[in-house]
Amino acid sequence: MNRDRAVGWLAVLAGLGLALAVQVHAPVGVPLYDGVIVPEPYRYLHPVGDQPGDPTSADATKEARGGQSPVIAVATDEQPPQAQIVASEDAFQVPAGATALHITITPIDPTVQPTQGAIAGNVYRFAVTTTNGQAIAPKPCDSCRTMVIRGPDDLTEGTIAHLENGAWVNVATLHAGIAAMFQTNANAMGDYAILAGSGSNGTGGGLDPLLFGGVALALFFAVVAGLFWYRRRPAPVPVARLGPARGRIPSKRKGPRRPPSGRSE
């Protein structure tokens with residue numbers, strides 16, 4: 001029983017280690033939807049030809065208590081959403097006296113074009129304000145706000161960019177777990193878009209995902225093979241500890257013959 005329990009714990013630890021390694025290498029954000037998603041075609045603000053149009057916006061009001069911003073989870077209505085934002089509690093600097101936050105996500109026309117790459121899909125304006133329209137600044141924090149933007153269906157590589165002082169600036173970007181969806185940890189509100197062919201996806205260097213996946217799978221199967229071998233090997237035969245004379249194996253040789261007694265048979 002003890003050996004079976006050890007094998008079970010080793011299997012659990014191996015699975016947790018593999019999941020942790022994959023998450024560290026390519027973190028996956030928390031989506032705002034659940035269940036089975038059937039992706040609908042991408043909606044363009046200015047469709048061309050047979051492209052679908054009429055992208056949706058998002059508009060929500062969240063109550064703020066104790067001078068802290070609430071948990072925020074707001075997304076457009078497409079399946080999956082074309083733009084969404086998730087923020088933990090106290091991720092924004094709530095002005096004194098403010099009792100609610102107004103969150104909006106709106107597809108807009110770009111005011112300027114990027115100097116490198118091209119805008120893939122729509123530009124989205126993310127805003128968090130008081131109910132009176134006063135802009136609320138994000139608080140400095142590590143990964144407390146996640147912004148996810150979806151690109152056109154045929155987009156495989158892209159970089160989220162933020163419009164800053166009249167120029168598009170690439171921000172650190174990760175794949176959001178579904179094709180054509182990308183995420184960033186937003187440090188500011190404003191206009192965001194996905195750029196295609198901008199020369200950098202903001203993810204930095206690191207291991208090739210294919211190489212990393214191969215190494216992770218090899219380690220996983222090595223652990224499984226080790227557990228299988230450990231399970232299949234025969235258990236050791238217990239050896240009894242006896243005294244000096246008790247542990248001797250009796251000899252099969254016959255003892256010396258007794259001399260004749262002189263009696264007649």
# chains A, B, ... in the order shown; residues from 1 in each chain; ligands from 1
call {"tool": "select_by_dssp", "arguments": {"residues": "range 51-205 of chain A", "states": "strand (DSSP E or B)", "output": "ChimeraX atom specification"}}
result
/A:58-63,65,68,72-75,83-87,92,100-108,118-130,135,138,145-150,159-164,167-170,174-175,181-184,190-196
call {"tool": "residues_around", "arguments": {"residues": "range 127-143 of chain A", "least_positions_apart": "2", "cutoff": "7 Å", "atoms": "only C-alpha atoms", "output": "VMD selection string"}}
result
chain A and resid 91 to 94 98 100 to 105 125 145 to 146 185 187 to 190
call {"tool": "residues_around", "arguments": {"residues": "Ala118 in chain A", "least_positions_apart": "4", "cutoff": "9 Å", "atoms": "only C-alpha atoms", "output": "PyMOL selection string"}}
result
chain A and resi 113-114+194-198
call {"tool": "atom_distance", "arguments": {"atom1": "CA of Glu157 in chain A", "atom2": "CA of Asp59 in chain A"}}
result
28.9 Å
call {"tool": "atom_distance", "arguments": {"atom1": "CA of Leu45 in chain A", "atom2": "CA of Asn122 in chain A"}}
result
6.3 Å
call {"tool": "atom_distance", "arguments": {"atom1": "CA of Gly117 in chain A", "atom2": "CA of Gln51 in chain A"}}
result
21.3 Å
call {"tool": "residues_around", "arguments": {"residues": "Ala64 in chain A", "least_positions_apart": "4", "cutoff": "6 Å", "atoms": "only C-alpha atoms", "output": "list in words"}}
result
Gln68, Ser69, Pro70, Thr99 and Ala100 of chain A
call {"tool": "closest_residue", "arguments": {"among": "A:Arg150, A:Thr115, A:Glu40, A:Phe126", "to": "Ala167 in chain A", "atoms": "only C-alpha atoms"}}
result
A:Thr115
call {"tool": "select_by_dssp", "arguments": {"residues": "range 44-233 of chain A", "states": "helix (DSSP H, G or I)", "output": "number ranges by chain"}}
result
A: 209-232
call {"tool": "write_last_selection", "arguments": {"atoms": "C-alpha atoms", "output": "PDB file, in the first residue's frame"}}
result
ATOM      1  CA  PRO A 209       7.948  26.995 -28.265  1.00  0.00           C
ATOM      2  CA  LEU A 210       8.370  23.816 -30.332  1.00  0.00           C
ATOM      3  CA  LEU A 211      11.683  23.006 -28.637  1.00  0.00           C
ATOM      4  CA  PHE A 212      10.216  23.730 -25.218  1.00  0.00           C
ATOM      5  CA  GLY A 213       7.185  21.562 -25.946  1.00  0.00           C
ATOM      6  CA  GLY A 214       9.402  18.690 -27.095  1.00  0.00           C
ATOM      7  CA  VAL A 215      11.537  18.871 -23.970  1.00  0.00           C
ATOM      8  CA  ALA A 216       8.447  19.016 -21.745  1.00  0.00           C
ATOM      9  CA  LEU A 217       6.908  15.979 -23.450  1.00  0.00           C
ATOM     10  CA  ALA A 218      10.191  14.058 -23.235  1.00  0.00           C
ATOM     11  CA  LEU A 219      10.417  14.758 -19.502  1.00  0.00           C
ATOM     12  CA  PHE A 220       6.796  13.763 -19.021  1.00  0.00           C
ATOM     13  CA  PHE A 221       7.193  10.416 -20.799  1.00  0.00           C
ATOM     14  CA  ALA A 222      10.454   9.782 -18.957  1.00  0.00           C
ATOM     15  CA  VAL A 223       8.637  10.226 -15.646  1.00  0.00           C
ATOM     16  CA  VAL A 224       5.801   7.950 -16.802  1.00  0.00           C
ATOM     17  CA  ALA A 225       8.298   5.274 -17.907  1.00  0.00           C
ATOM     18  CA  GLY A 226      10.078   5.487 -14.547  1.00  0.00           C
ATOM     19  CA  LEU A 227       6.804   5.116 -12.677  1.00  0.00           C
ATOM     20  CA  PHE A 228       5.844   2.122 -14.838  1.00  0.00           C
ATOM     21  CA  TRP A 229       9.180   0.425 -14.160  1.00  0.00           C
ATOM     22  CA  TYR A 230       8.865   1.135 -10.452  1.00  0.00           C
ATOM     23  CA  ARG A 231       5.389  -0.351 -10.462  1.00  0.00           C
ATOM     24  CA  ARG A 232       6.323  -3.493 -12.406  1.00  0.00           C
TER      25      ARG A 232
END
call {"tool": "residues_around", "arguments": {"residues": "Asp109 in chain A", "least_positions_apart": "2", "cutoff": "12 Å", "atoms": "only C-alpha atoms", "output": "list in words"}}
result
Tyr44, Leu45, His46, Thr106, Pro107, Thr111, Val112, Gln113, Ile119, Gly121, Asn122, Val123, Tyr124, Arg125, Asp191, Tyr192 and Ala193 of chain A
call {"tool": "closest_residue", "arguments": {"among": "A:Met181, A:Glu89, A:Pro80, A:Ala120", "to": "Pro41 in chain A", "atoms": "only C-alpha atoms"}}
result
A:Pro80
call {"tool": "residues_around", "arguments": {"residues": "Pro39 in chain A", "least_positions_apart": "2", "cutoff": "10 Å", "atoms": "only C-alpha atoms", "output": "ChimeraX atom specification"}}
result
/A:36-37,41-42,78-81,153,178
call {"tool": "write_last_selection", "arguments": {"atoms": "C-alpha atoms", "output": "short mmCIF file (atom, residue, chain, number, x, y, z; two decimals), in the first residue's frame"}}
result
data_model
loop_
_atom_site.label_atom_id
_atom_site.label_comp_id
_atom_site.auth_asym_id
_atom_site.auth_seq_id
_atom_site.Cartn_x
_atom_site.Cartn_y
_atom_site.Cartn_z
CA VAL A 36 -17.85 25.45 -25.86
CA ILE A 37 -17.20 28.53 -28.00
CA PRO A 41 -16.48 35.65 -38.12
CA TYR A 42 -14.53 38.76 -37.21
CA GLU A 78 -18.92 38.69 -30.09
CA GLN A 79 -18.14 35.01 -29.59
CA PRO A 80 -15.36 35.04 -28.57
CA PRO A 81 -15.19 38.74 -27.64
CA ASP A 153 -9.55 35.04 -38.31
CA ILE A 178 -7.08 30.88 -28.87
#
call {"tool": "closest_residue", "arguments": {"among": "A:Pro47, A:Pro52, A:Ala73, A:Ile160", "to": "Ile85 in chain A", "atoms": "only C-alpha atoms"}}
result
A:Ala73
